[in-house]
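See below for coords-v1.txt, which holds compact mmCIF, C-alpha atoms and all ligand atoms.
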```
# COMPACT_ATOMS: atom_id res chain seq x y z
CA MET E 25 0.54 -10.16 17.00
CA MET E 26 -1.78 -7.18 16.91
CA LEU E 27 -0.28 -5.34 13.98
CA LYS E 28 0.35 -7.54 10.96
CA ALA E 29 3.91 -7.29 9.71
CA HIS E 30 3.01 -5.85 6.33
CA ARG E 31 1.25 -2.94 8.05
CA ASN E 32 4.12 -1.97 10.28
CA HIS E 33 5.28 1.25 8.61
CA PRO E 34 4.55 4.97 9.10
CA LEU E 35 2.27 5.54 6.12
CA TRP E 36 -0.02 2.68 7.06
CA LEU E 37 -0.20 3.90 10.66
CA ALA E 38 -0.97 7.40 9.40
CA TYR E 39 -3.77 5.92 7.31
CA MET E 40 -5.28 4.06 10.27
CA LEU E 41 -5.01 7.15 12.47
CA HIS E 42 -6.84 9.13 9.80
CA ARG E 43 -9.60 6.56 9.51
CA LEU E 44 -10.12 6.24 13.27
CA SER E 45 -10.11 9.99 13.83
CA GLY E 46 -12.51 10.49 10.91
CA LEU E 47 -14.93 7.90 12.29
CA ALA E 48 -14.71 9.31 15.80
CA LEU E 49 -15.43 12.82 14.46
CA ALA E 50 -18.41 11.51 12.53
CA LEU E 51 -19.79 10.03 15.77
CA PHE E 52 -19.09 13.20 17.73
CA LEU E 53 -20.46 15.84 15.36
CA PRO E 54 -24.19 15.02 15.65
CA VAL E 55 -23.89 15.24 19.46
CA HIS E 56 -22.00 18.49 19.11
CA PHE E 57 -24.67 20.04 16.89
CA HIS E 58 -27.39 18.85 19.22
CA VAL E 59 -25.73 20.56 22.19
CA LEU E 60 -25.23 23.77 20.20
CA SER E 61 -28.88 23.73 19.17
CA LEU E 62 -29.81 23.83 22.86
CA ALA E 63 -28.68 27.46 22.85
CA LEU E 64 -31.69 28.25 20.68
CA THR E 65 -34.27 25.85 22.06
CA ARG E 66 -33.50 25.31 25.76
CA PRO E 67 -30.85 27.76 27.03
CA GLU E 68 -31.23 26.57 30.64
CA SER E 69 -30.25 22.99 29.82
CA LEU E 70 -27.30 24.26 27.82
CA ASP E 71 -26.11 26.20 30.89
CA ARG E 72 -26.46 23.10 33.03
CA PHE E 73 -24.52 21.12 30.44
CA LEU E 74 -21.78 23.76 30.23
CA GLY E 75 -21.52 23.59 34.02
CA LEU E 76 -20.32 20.03 33.50
CA ALA E 77 -17.53 21.28 31.31
CA ASP E 78 -15.58 22.61 34.30
CA ASN E 79 -15.04 19.02 35.38
CA PRO E 80 -11.39 17.94 34.73
CA ALA E 81 -12.53 14.67 33.13
CA VAL E 82 -14.58 16.66 30.64
CA LYS E 83 -11.57 18.92 30.03
CA LEU E 84 -9.57 15.84 29.16
CA ALA E 85 -12.31 14.64 26.82
CA GLU E 86 -12.30 18.07 25.15
CA PHE E 87 -8.58 17.74 24.66
CA GLY E 88 -9.24 14.38 23.03
CA LEU E 89 -11.72 15.91 20.60
CA VAL E 90 -9.53 18.80 19.57
CA PHE E 91 -6.73 16.29 19.22
CA LEU E 92 -8.88 14.15 16.93
CA LEU E 93 -9.81 17.11 14.81
CA ALA E 94 -6.20 18.24 14.62
CA VAL E 95 -5.02 14.73 13.74
CA HIS E 96 -7.66 14.43 11.05
CA PHE E 97 -7.13 17.94 9.73
CA PHE E 98 -3.38 17.60 9.38
CA GLY E 99 -3.75 14.03 8.16
CA GLY E 100 -6.11 15.29 5.49
CA LEU E 101 -3.72 18.09 4.52
CA ARG E 102 -0.92 15.52 4.38
CA LEU E 103 -2.91 13.35 1.98
CA LEU E 104 -3.87 16.28 -0.19
CA ALA E 105 -0.25 17.40 -0.34
CA LEU E 106 1.00 13.89 -0.96
CA GLU E 107 -1.41 13.29 -3.80
CA PHE E 108 -1.76 16.70 -5.37
CA LEU E 109 1.71 18.15 -5.14
CA PRO E 110 4.07 16.03 -7.20
CA TRP E 111 6.75 15.28 -4.66
CA SER E 112 7.76 11.80 -3.70
CA ALA E 113 10.18 10.72 -1.02
CA ARG E 114 9.20 13.15 1.75
CA GLN E 115 6.12 11.22 2.79
CA LYS E 116 7.41 9.74 6.01
CA THR E 117 8.69 13.07 7.19
CA LEU E 118 5.32 14.57 6.36
CA ALA E 119 3.45 11.92 8.27
CA ALA E 120 5.64 12.55 11.28
CA ALA E 121 5.36 16.33 10.92
CA SER E 122 1.57 16.21 10.71
CA ILE E 123 1.37 14.23 13.93
CA ALA E 124 3.79 16.61 15.61
CA GLY E 125 1.62 19.52 14.39
CA ALA E 126 -1.47 17.84 15.80
CA PHE E 127 0.17 17.43 19.20
CA LEU E 128 1.31 21.04 19.14
CA ILE E 129 -2.16 22.42 18.46
CA SER E 130 -4.04 20.18 20.84
CA GLY E 131 -1.34 20.54 23.47
CA THR E 132 -1.66 24.33 23.31
CA PHE E 133 -5.40 23.93 23.71
CA LEU E 134 -4.96 21.71 26.74
CA LEU E 135 -2.63 24.19 28.41
CA GLN E 136 -5.09 27.00 27.83
CA ALA E 137 -7.98 24.95 29.13
CA VAL E 138 -6.41 24.02 32.47
CA MET B 4 31.87 -22.66 10.52
CA SER B 5 29.64 -24.02 13.28
CA ASP B 6 26.74 -22.89 11.09
CA ARG B 7 26.83 -26.38 9.56
CA SER B 8 25.13 -27.91 12.56
CA LYS B 9 22.49 -25.21 13.02
CA LEU B 10 18.93 -25.84 11.96
CA LEU B 11 16.25 -23.41 10.85
CA GLU B 12 12.68 -23.91 12.00
CA VAL B 13 10.68 -23.40 8.80
CA SER B 14 6.89 -23.60 8.63
CA VAL B 15 5.53 -23.81 5.13
CA TRP B 16 1.95 -23.51 3.90
CA ARG B 17 0.61 -26.80 2.47
CA GLY B 18 -2.74 -27.17 0.79
CA MET B 19 -4.94 -26.56 -2.22
CA GLY B 20 -7.37 -23.71 -2.70
CA ASP B 21 -8.87 -22.43 0.55
CA GLU B 22 -7.85 -25.48 2.59
CA GLY B 23 -4.49 -26.00 4.20
CA ALA B 24 -2.19 -25.65 7.19
CA TYR B 25 1.41 -24.84 8.02
CA GLU B 26 3.83 -27.77 8.16
CA THR B 27 7.15 -27.45 9.93
CA PHE B 28 10.52 -28.56 8.53
CA GLN B 29 14.04 -28.49 9.98
CA VAL B 30 16.36 -27.02 7.37
CA PRO B 31 20.16 -26.81 7.70
CA ALA B 32 21.34 -23.21 8.05
CA ARG B 33 24.07 -21.96 5.71
CA ASP B 34 26.25 -18.88 5.85
CA ASN B 35 24.71 -17.60 2.66
CA GLN B 36 21.19 -18.69 1.97
CA THR B 37 18.13 -17.16 0.39
CA VAL B 38 14.52 -17.94 1.31
CA LEU B 39 14.20 -19.61 -2.10
CA ASP B 40 17.21 -21.83 -1.22
CA VAL B 41 15.34 -22.94 1.90
CA VAL B 42 12.19 -23.77 -0.06
CA SER B 43 14.22 -25.64 -2.69
CA TRP B 44 16.05 -27.61 0.02
CA ILE B 45 12.72 -28.75 1.48
CA GLN B 46 11.46 -29.82 -1.94
CA GLN B 47 14.69 -31.60 -2.87
CA SER B 48 15.60 -33.19 0.47
CA ALA B 49 12.48 -33.47 2.62
CA ASP B 50 9.27 -33.51 0.60
CA PRO B 51 9.34 -33.65 -3.22
CA SER B 52 5.62 -32.90 -3.40
CA LEU B 53 6.08 -29.29 -2.24
CA THR B 54 4.82 -26.95 -4.96
CA TYR B 55 6.33 -23.52 -5.53
CA ARG B 56 7.36 -21.33 -8.44
CA TYR B 57 10.59 -19.68 -9.58
CA ALA B 58 12.60 -19.25 -12.75
CA CYS B 59 15.51 -16.82 -12.91
CA ARG B 60 16.82 -16.83 -9.29
CA VAL B 61 18.28 -13.36 -9.85
CA GLY B 62 15.35 -10.99 -9.40
CA MET B 63 14.43 -10.62 -13.05
CA CYS B 64 11.38 -12.77 -13.73
CA GLY B 65 9.08 -11.95 -10.83
CA SER B 66 7.81 -15.49 -10.28
CA CYS B 67 9.15 -16.36 -6.83
CA ALA B 68 7.30 -13.97 -4.52
CA MET B 69 5.87 -15.39 -1.29
CA MET B 70 4.85 -14.20 2.16
CA VAL B 71 7.86 -14.46 4.45
CA ASN B 72 7.11 -13.93 8.15
CA GLY B 73 3.98 -12.04 7.14
CA VAL B 74 5.65 -9.76 4.60
CA PRO B 75 5.57 -10.19 0.81
CA ARG B 76 9.07 -10.64 -0.64
CA TRP B 77 10.94 -11.86 -3.71
CA THR B 78 12.36 -15.01 -2.19
CA CYS B 79 15.29 -15.48 -4.58
CA ARG B 80 16.90 -12.25 -3.39
CA THR B 81 15.85 -12.28 0.23
CA HIS B 82 18.61 -13.49 2.52
CA VAL B 83 17.44 -15.68 5.36
CA LYS B 84 19.65 -13.80 7.83
CA ARG B 85 17.80 -10.57 7.17
CA VAL B 86 14.33 -11.94 7.83
CA LEU B 87 14.83 -14.71 10.39
CA ARG B 88 12.78 -14.25 13.59
CA ASP B 89 13.99 -16.26 16.61
CA GLY B 90 15.61 -18.81 14.31
CA ALA B 91 12.29 -19.38 12.53
CA LEU B 92 10.73 -18.63 9.16
CA GLN B 93 7.10 -18.76 8.15
CA ILE B 94 6.62 -19.05 4.39
CA GLY B 95 3.21 -18.82 2.73
CA PRO B 96 1.70 -18.16 -0.69
CA LEU B 97 1.26 -14.52 -1.75
CA ARG B 98 -1.61 -12.70 -0.08
CA ASN B 99 -4.66 -11.39 -1.98
CA LEU B 100 -4.46 -14.12 -4.65
CA PRO B 101 -6.12 -17.55 -4.85
CA VAL B 102 -3.84 -20.46 -3.96
CA ILE B 103 -3.24 -23.15 -6.56
CA LYS B 104 -1.19 -25.43 -4.30
CA ASP B 105 1.19 -24.88 -1.39
CA LEU B 106 3.30 -21.82 -2.19
CA ALA B 107 2.09 -21.28 -5.75
CA ALA B 108 -0.48 -18.50 -5.95
CA ASP B 109 -2.75 -18.08 -8.95
CA MET B 110 -1.53 -14.91 -10.69
CA ASP B 111 -4.46 -14.68 -13.13
CA PRO B 112 -6.40 -11.93 -11.29
CA PHE B 113 -3.21 -9.86 -11.11
CA PHE B 114 -2.56 -10.08 -14.87
CA ASP B 115 -6.25 -9.72 -15.77
CA LYS B 116 -6.23 -6.39 -13.95
CA TRP B 117 -3.04 -5.37 -15.74
CA ILE B 118 -5.05 -5.72 -18.96
CA ARG B 119 -8.18 -4.11 -17.53
CA ALA B 120 -6.08 -1.07 -16.59
CA GLY B 121 -5.17 -0.67 -20.26
CA GLY B 122 -1.71 -2.16 -19.73
CA VAL B 123 -1.47 -3.44 -23.30
CA HIS B 124 0.43 -1.06 -25.55
CA ARG B 125 -1.66 0.44 -28.33
CA PRO B 126 0.76 1.85 -30.90
CA SER B 127 -0.03 5.18 -32.54
CA ARG B 128 2.06 4.45 -35.65
CA SER B 129 2.37 1.54 -38.04
CA ARG B 130 5.53 -0.14 -39.31
CA ASP B 131 5.39 2.07 -42.40
CA ASP B 132 5.77 5.29 -40.43
CA PRO B 133 9.19 6.58 -39.40
CA ILE B 134 10.32 5.61 -35.89
CA GLN B 135 9.19 8.18 -33.35
CA GLN B 136 12.01 10.02 -31.62
CA VAL B 137 11.70 10.18 -27.83
CA PRO B 138 14.22 12.51 -26.20
CA PRO B 139 15.47 10.86 -22.99
CA ASP B 140 15.16 14.10 -21.04
CA ASP B 141 11.55 14.72 -22.05
CA PRO B 142 9.63 15.21 -18.74
CA GLY B 143 7.03 12.57 -19.65
CA ARG B 144 9.82 10.09 -20.46
CA VAL B 145 11.57 10.82 -17.17
CA GLU B 146 8.33 10.20 -15.28
CA ALA B 147 7.54 6.99 -17.21
CA ASN B 148 11.07 5.67 -16.65
CA LYS B 149 10.47 5.57 -12.91
CA GLY B 150 7.88 2.80 -13.35
CA ILE B 151 9.06 0.66 -16.23
CA GLU B 152 11.34 -1.68 -14.26
CA CYS B 153 8.33 -3.51 -12.83
CA ILE B 154 8.91 -7.29 -12.92
CA ASN B 155 5.26 -8.22 -12.27
CA CYS B 156 6.08 -10.00 -9.06
CA SER B 157 2.81 -8.97 -7.36
CA VAL B 158 4.58 -8.12 -4.09
CA CYS B 159 2.88 -4.71 -4.05
CA TYR B 160 -0.48 -6.34 -4.84
CA ALA B 161 -0.04 -8.72 -1.90
CA ALA B 162 0.94 -5.85 0.42
CA CYS B 163 -2.04 -3.63 -0.41
CA ASP B 164 -4.95 -3.59 2.07
CA THR B 165 -7.17 -1.84 -0.45
CA VAL B 166 -6.86 -4.88 -2.73
CA ALA B 167 -7.71 -7.07 0.27
CA GLY B 168 -10.83 -5.00 0.96
CA ASN B 169 -12.04 -4.57 -2.62
CA PRO B 170 -11.53 -7.48 -5.06
CA ASP B 171 -12.30 -5.12 -7.96
CA TYR B 172 -9.47 -2.71 -7.16
CA LEU B 173 -6.90 -2.74 -9.97
CA GLY B 174 -3.99 -2.59 -7.52
CA PRO B 175 -0.66 -0.79 -7.50
CA ALA B 176 1.22 -2.56 -10.31
CA ALA B 177 -1.53 -2.24 -12.95
CA LEU B 178 -2.13 1.40 -12.03
CA GLN B 179 1.56 2.18 -12.15
CA ARG B 180 1.70 0.60 -15.60
CA ALA B 181 -1.16 2.88 -16.70
CA TRP B 182 0.79 5.88 -15.37
CA THR B 183 3.83 4.95 -17.48
CA LEU B 184 1.57 4.71 -20.56
CA TYR B 185 -0.08 8.03 -19.72
CA ASN B 186 3.39 9.61 -19.83
CA ASP B 187 4.53 7.73 -22.94
CA ALA B 188 4.93 9.97 -25.99
CA LYS B 189 4.08 6.97 -28.18
CA VAL B 190 0.61 6.65 -26.69
CA GLU B 191 -1.80 8.90 -28.54
CA ASP B 192 -5.05 8.54 -26.63
CA ARG B 193 -4.19 9.67 -23.08
CA GLN B 194 -7.84 10.08 -22.21
CA ALA B 195 -8.46 6.38 -22.91
CA VAL B 196 -5.73 5.50 -20.42
CA LEU B 197 -7.32 7.76 -17.79
CA ASP B 198 -10.79 6.42 -18.48
CA SER B 199 -9.71 2.84 -17.88
CA VAL B 200 -8.23 3.68 -14.46
CA SER B 201 -10.59 6.28 -13.02
CA GLY B 202 -13.84 4.31 -12.82
CA ALA B 203 -14.94 1.78 -10.18
CA GLY B 204 -11.92 -0.11 -8.86
CA GLY B 205 -9.62 2.56 -10.24
CA CYS B 206 -6.96 4.89 -8.84
CA HIS B 207 -9.35 6.80 -6.56
CA ASN B 208 -9.79 3.70 -4.42
CA CYS B 209 -6.23 4.02 -3.18
CA HIS B 210 -5.87 5.37 0.39
CA SER B 211 -2.18 6.17 0.07
CA GLN B 212 -1.18 3.61 2.67
CA GLY B 213 2.02 3.18 0.74
CA SER B 214 2.57 -0.52 1.48
CA CYS B 215 3.18 -0.96 -2.25
CA THR B 216 6.10 1.46 -2.26
CA ARG B 217 7.34 0.16 1.09
CA PHE B 218 7.68 -3.42 -0.16
CA CYS B 219 8.39 -3.22 -3.91
CA PRO B 220 11.65 -5.18 -4.22
CA ASN B 221 12.74 -3.10 -7.20
CA GLU B 222 12.30 0.08 -5.18
CA LEU B 223 9.63 1.40 -7.51
CA ASP B 224 7.05 3.84 -6.20
CA PRO B 225 3.50 2.86 -7.23
CA LEU B 226 2.11 5.16 -4.51
CA SER B 227 3.42 8.23 -6.35
CA ALA B 228 2.39 6.84 -9.75
CA ILE B 229 -1.18 6.43 -8.46
CA ALA B 230 -1.09 9.95 -7.03
CA GLY B 231 -0.10 11.07 -10.53
CA LEU B 232 -3.16 9.32 -11.99
CA LYS B 233 -5.36 10.96 -9.35
CA ARG B 234 -4.02 14.39 -10.30
CA ALA B 235 -4.36 13.74 -14.03
CA SER B 236 -7.92 12.47 -13.74
CA ALA B 237 -8.93 15.34 -11.45
CA ARG B 238 -7.49 17.79 -13.97
CA SER B 239 -9.29 16.12 -16.86
CA PHE B 240 -12.54 16.12 -14.86
CA PHE B 241 -12.44 19.89 -14.46
CA ARG B 242 -11.29 20.46 -18.01
CA ARG B 243 -14.10 18.38 -19.41
CA GLY B 244 -16.60 20.14 -17.17
CA GLU B 245 -15.92 23.49 -18.87
C1 LIG E 301 -10.97 19.46 9.10
C2 LIG E 301 -10.94 19.32 7.81
C3 LIG E 301 -10.92 17.96 7.16
C4 LIG E 301 -10.04 17.55 6.20
C5 LIG E 301 -8.91 18.41 5.59
C6 LIG E 301 -10.35 16.18 5.85
C7 LIG E 301 -9.70 15.42 4.89
C8 LIG E 301 -9.97 14.11 4.58
C9 LIG E 301 -9.38 13.35 3.50
C10 LIG E 301 -8.34 13.86 2.50
C11 LIG E 301 -9.90 12.09 3.53
C12 LIG E 301 -9.54 10.91 2.58
C13 LIG E 301 -8.71 9.87 3.31
C14 LIG E 301 -8.41 8.62 2.53
O1 LIG E 301 -8.36 8.63 1.28
O2 LIG E 301 -8.19 7.57 3.17
C15 LIG E 301 -10.83 12.04 4.64
C16 LIG E 301 -11.52 10.91 5.05
C17 LIG E 301 -12.49 10.89 6.04
N1 LIG E 301 -12.94 11.96 6.80
FE1 LIG E 301 -12.17 13.83 6.74
N2 LIG E 301 -11.41 15.75 6.62
C18 LIG E 301 -11.79 16.80 7.43
C19 LIG E 301 -12.83 16.81 8.36
C20 LIG E 301 -13.61 15.71 8.69
C21 LIG E 301 -14.68 15.72 9.70
C22 LIG E 301 -15.14 16.94 10.48
C23 LIG E 301 -15.16 14.45 9.74
C24 LIG E 301 -16.28 13.94 10.61
C25 LIG E 301 -17.52 13.96 10.18
C26 LIG E 301 -14.42 13.63 8.80
C27 LIG E 301 -14.62 12.27 8.58
C28 LIG E 301 -13.91 11.50 7.66
C29 LIG E 301 -14.08 10.07 7.48
C30 LIG E 301 -15.04 9.16 8.26
C31 LIG E 301 -13.18 9.69 6.47
C32 LIG E 301 -12.97 8.28 5.90
C33 LIG E 301 -11.69 7.74 6.43
C34 LIG E 301 -11.00 6.80 5.45
O3 LIG E 301 -11.41 6.67 4.30
O4 LIG E 301 -9.98 6.20 5.86
N3 LIG E 301 -13.49 14.42 8.18
N4 LIG E 301 -10.85 13.28 5.27
S1 LIG E 302 -0.75 3.32 -1.77
FE1 LIG E 302 -2.66 2.65 -2.73
S2 LIG E 302 -2.04 0.98 -4.05
FE2 LIG E 302 -0.33 1.31 -2.66
S3 LIG E 302 -0.69 -0.15 -1.00
FE3 LIG E 302 -1.67 1.76 -0.48
S4 LIG E 302 -3.79 1.62 -1.09
FE4 LIG E 302 -2.62 0.02 -2.14
S1 LIG E 303 5.63 -2.53 -8.77
FE1 LIG E 303 7.30 -3.56 -7.71
S2 LIG E 303 6.26 -4.94 -6.27
FE2 LIG E 303 4.75 -4.34 -7.78
S3 LIG E 303 4.78 -5.95 -9.32
FE3 LIG E 303 6.17 -4.33 -10.02
S4 LIG E 303 8.19 -4.92 -9.24
FE4 LIG E 303 6.68 -6.13 -8.15
S1 LIG E 304 13.11 -16.33 -9.33
FE1 LIG E 304 12.93 -14.71 -10.81
S2 LIG E 304 12.59 -12.99 -9.49
FE2 LIG E 304 12.93 -14.58 -8.05
```
What does the file become when written as structure tokens?
Ligand code: HEM
Ligand code: SF4
Ligand code: SF4
Ligand code: FES
Amino acid sequence: MMLKAHRNHPLWLAYMLHRLSGLALALFLPVHFHVLSLALTRPESLDRFLGLADNPAVKLAEFGLVFLLAVHFFGGLRLLALEFLPWSARQKTLAAASIAGAFLISGTFLLQAV
Amino acid sequence: MSDRSKLLEVSVWRGMGDEGAYETFQVPARDNQTVLDVVSWIQQSADPSLTYRYACRVGMCGSCAMMVNGVPRWTCRTHVKRVLRDGALQIGPLRNLPVIKDLAADMDPFFDKWIRAGGVHRPSRSRDDPIQQVPPDDPGRVEANKGIECINCSVCYAACDTVAGNPDYLGPAALQRAWTLYNDAKVEDRQAVLDSVSGAGGCHNCHSQGSCTRFCPNELDPLSAIAGLKRASARSFFRRGE
């Protein structure tokens, strides 16, 4: 079994989602900054790179990134709310709502991009 | 009625320390049967050398917890019907604790951490002082009440992946205990309580996975208690920084 039985509940899944999205963002950010720095150092290679971005596969990857950021952002807000506002039993609803919010934001982005 | 002839396929962990393997037993199914009944049947009717632990059989003492089909549970109040998977049960010693033998886990680390988290009551008055009045509707009392029914079963401790990843982590039960003391009007030195749970291995290790709250058989909520400690220690950090 892939998911051990004691992990099979919404808060644990929300935790794993937060960790994976955080790690993926950490891997992505250095690349992102490098590409942005091209605007200052080598504008022509930036233009060539941006030309790539019209490719549908790249569009999909962009959707993935914004999705990651949205997942992590709302996941982070969920944790901060869960730990710093003294409420108790609403956690599952919050976890679900944060994921729904992430889909909403990244979905909107996808629609605008295509 | 026909239940009489049905058999359960029960695999039980056998071994000492780190060594061991699951051994399978056929156990007669009953209409009403707890996981502890199944373990007792094996010990009484199949293999008297099976080692396990229980005392009260009614969910009071906290000594009977085991892993049942991968989930930590109090076995004396877990009905087989609710947890059976394809007619089978897998029963193992509690996770995150050393094994003494078979199903008996060594609870020492769990109780050592209870003490490390400041879980021992330090009275602020002596027997010569008048008894301190604690109004039941005092907000601190109401908060502490939510955590005091802990039976020390270690189910939450076995469920927690942060404990699994960091052997120094105090774990949900000990931290929840500290939260009840922090809210107890009879405890004078609140800062001492916070200090013992906000260092290495303390409340800030918790990732709010909530497996503790999900599996606590007494329906306590260590997750929220730990969040309370996080808030209190953050507040005291900024106050002391002034
Ligand atoms: C957008 C605003 C952000 C918020 C509100 C936020 C919030 C949080 C919070 C509250 C945690 C603690 C989680 C826990 O205790 O398990 C966390 C963990 C983490 N964050 Fe962020 N974060 C944000 C942006 C980022 C970015 C841009 C990166 C990428 C560099 C990142 C990488 C990580 C990593 C790797 C972790 C550790 C994951 C873990 O411990 O499970 N975060 N974040
Ligand atoms: S909420 Fe904290 S203490 Fe409870 S299981 Fe998760 S990490 Fe462990
Ligand atoms: S908090 Fe619940 S699961 Fe943890 S030791 Fe106490 S009673 Fe058991
Ligand atoms: S035997 Fe006492 S709680 Fe199960």
Original post:
When distances are computed from only C-alpha atoms, which of E:Val55, E:Ser45, E:Leu103, E:Glu68 shows the smallest separation from chain B?
Top reply: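 Between E:Val55, E:Ser45, E:Leu103, E:Glu68, the residue approaching chain B most closely is E:Leu103.
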For chain B versus ligand LIG 303 (chain E), which residues have an atom no more than 8 Å away, and what is each residue's nearest atom pair and distance in Å rounded to one decimal, using only C-alpha atoms and all ligand atoms, chain-then-number order, as a tab-separated table?
```
residue	atom	partner	partner_atom	distance
B:Gly65	CA	E:LIG303	FE4	6.8
B:Gly150	CA	E:LIG303	S1	7.4
B:Glu152	CA	E:LIG303	S4	6.8
B:Cys153	CA	E:LIG303	FE3	3.6
B:Ile154	CA	E:LIG303	S4	4.4
B:Asn155	CA	E:LIG303	S3	3.8
B:Cys156	CA	E:LIG303	FE4	4.0
B:Ser157	CA	E:LIG303	S3	4.1
B:Val158	CA	E:LIG303	S2	4.2
B:Cys159	CA	E:LIG303	S2	4.1
B:Tyr160	CA	E:LIG303	FE2	6.3
B:Pro175	CA	E:LIG303	FE2	6.5
B:Ala176	CA	E:LIG303	S1	4.7
B:Gln179	CA	E:LIG303	S1	7.1
B:Cys215	CA	E:LIG303	S2	6.4
B:Thr216	CA	E:LIG303	FE1	7.5
B:Phe218	CA	E:LIG303	S2	6.5
B:Cys219	CA	E:LIG303	S2	3.6
B:Pro220	CA	E:LIG303	S2	5.8
B:Asn221	CA	E:LIG303	S4	5.3
B:Glu222	CA	E:LIG303	FE1	6.7
B:Leu223	CA	E:LIG303	FE1	5.5
B:Asp224	CA	E:LIG303	S1	7.0
B:Pro225	CA	E:LIG303	S1	6.0
```
**OP:** Choose the residue, out of B:Thr165, B:Gln93, B:Gln136, B:Gln29, that has the smallest atom-to-atom separation from ligand LIG 301 (chain E); count only C-alpha atoms and all ligand atoms.
**Re:**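 Counting only C-alpha atoms and all ligand atoms, the residue closest to ligand LIG 301 (chain E) is B:Thr165.
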Original post:
Within 10 Å of His33 (chain E), counting all atoms listed in the file, which residues qualify if same-chain residues fewer than 3 places away don't, as a list in words?
Top reply: Ala29, His30, Trp36, Leu37, Ala38 and Lys116 of chain E; Gln212, Gly213, Ser214 and Arg217 of chain B
Could you please take those selected residues and save C-alpha atoms as a PDB file, keeping the file's coordinate frame?
```pdb
ATOM      1  CA  ALA E  29       3.910  -7.290   9.710  1.00  0.00           C
ATOM      2  CA  HIS E  30       3.010  -5.850   6.330  1.00  0.00           C
ATOM      3  CA  TRP E  36      -0.020   2.680   7.060  1.00  0.00           C
ATOM      4  CA  LEU E  37      -0.200   3.900  10.660  1.00  0.00           C
ATOM      5  CA  ALA E  38      -0.970   7.400   9.400  1.00  0.00           C
ATOM      6  CA  LYS E 116       7.410   9.740   6.010  1.00  0.00           C
TER       7      LYS E 116
ATOM      8  CA  GLN B 212      -1.180   3.610   2.670  1.00  0.00           C
ATOM      9  CA  GLY B 213       2.020   3.180   0.740  1.00  0.00           C
ATOM     10  CA  SER B 214       2.570  -0.520   1.480  1.00  0.00           C
ATOM     11  CA  ARG B 217       7.340   0.160   1.090  1.00  0.00           C
TER      12      ARG B 217
END
```
Listing only residues of chain B within 8 Å of ligand LIG 301 (chain E), what is the closest atom pair and its distance in Å (to one decimal) for each, using only C-alpha atoms and all ligand atoms, sorted by chain and residue number ascending, as JSON lines?
```
{"residue": "B:Asn208", "atom": "CA", "partner": "E:LIG301", "partner_atom": "O1", "distance": 7.7}
{"residue": "B:Cys209", "atom": "CA", "partner": "E:LIG301", "partner_atom": "O1", "distance": 6.8}
{"residue": "B:His210", "atom": "CA", "partner": "E:LIG301", "partner_atom": "O1", "distance": 4.2}
{"residue": "B:Ser211", "atom": "CA", "partner": "E:LIG301", "partner_atom": "O1", "distance": 6.8}
```
**OP:** Provide as number ranges by chain the residues of chain B at most 10 Å from chain E, counting all atoms listed in the file.
**Re:** B: 70-75, 161-164, 210-215, 217-218, 224, 226-235, 237
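Nearest residue to Ala126 (chain E), choosing from E:Ser61, E:Ala94, E:Gly99, E:Leu53 and counting all atoms listed in the file: E:Ala94.
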Within 9 Å of ligand LIG 304 (chain E): each chain B residue with its shortest pair, only C-alpha atoms and all ligand atoms, as CSV:
```
residue,atom,partner,partner_atom,distance
B:Leu39,CA,E:LIG304,FE2,7.9
B:Arg56,CA,E:LIG304,S1,7.7
B:Tyr57,CA,E:LIG304,S1,4.2
B:Ala58,CA,E:LIG304,S1,4.5
B:Cys59,CA,E:LIG304,FE1,3.9
B:Arg60,CA,E:LIG304,S1,3.7
B:Val61,CA,E:LIG304,FE1,5.6
B:Gly62,CA,E:LIG304,S2,3.4
B:Met63,CA,E:LIG304,S2,4.7
B:Cys64,CA,E:LIG304,FE1,3.8
B:Gly65,CA,E:LIG304,S2,3.9
B:Ser66,CA,E:LIG304,FE1,5.2
B:Cys67,CA,E:LIG304,FE2,4.4
B:Ala68,CA,E:LIG304,FE2,6.7
B:Trp77,CA,E:LIG304,FE2,5.5
B:Thr78,CA,E:LIG304,FE2,5.9
B:Cys79,CA,E:LIG304,FE2,4.3
B:Arg80,CA,E:LIG304,FE2,6.6
B:Ile154,CA,E:LIG304,S2,7.6
B:Cys156,CA,E:LIG304,S2,7.2
```
Subject >> Two-atom distance - CA of Pro170 (chain B), CA of Arg119 (chain B) (Å) >> reply: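 Between these atoms lies a distance of 13.3 Å.
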**OP:** Grab the CA of Leu135 (chain E) to CA of Ala77 (chain E) distance for me, in Å with one decimal place.
**Re:** 15.5 Å
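Counting from atom FE4 of ligand LIG 302 (chain E), the distance to CA of Thr183 (chain B) is 17.4 Å.
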Original post:
Which neighbours of Ala177 (chain B) fall inside 7 Å, counting all atoms listed in the file, when residues of the same chain fewer than 4 positions from it are skipped, and could you give them as number ranges by chain?
Top reply: B: 116-117, 120, 122, 173, 181
Subject >> Minimum-distance residue to ligand LIG 302 (chain E), chosen among B:Gly143, B:Pro31, B:Gly204, B:Pro112 (using only C-alpha atoms and all ligand atoms) >> reply: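 Looking at the shortest contact to ligand LIG 302 (chain E), the residue is B:Gly204.
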Original post:
Can you tell me, as a PyMOL selection string, what residues are no more than 6 Å from Asp105 (chain B) when counting only C-alpha atoms, ignoring any on the same chain fewer than 6 positions away?
Top reply: chain B and resi 16-18+54
**OP:** Go through B:Asp50, B:Asp34, B:Asp132, B:Asp187 one by one, measure the shortest atom-to-atom distance of each to Lys9 (chain B) using all atoms listed in the file, and give the residue with the smallest value.
**Re:** B:Asp34
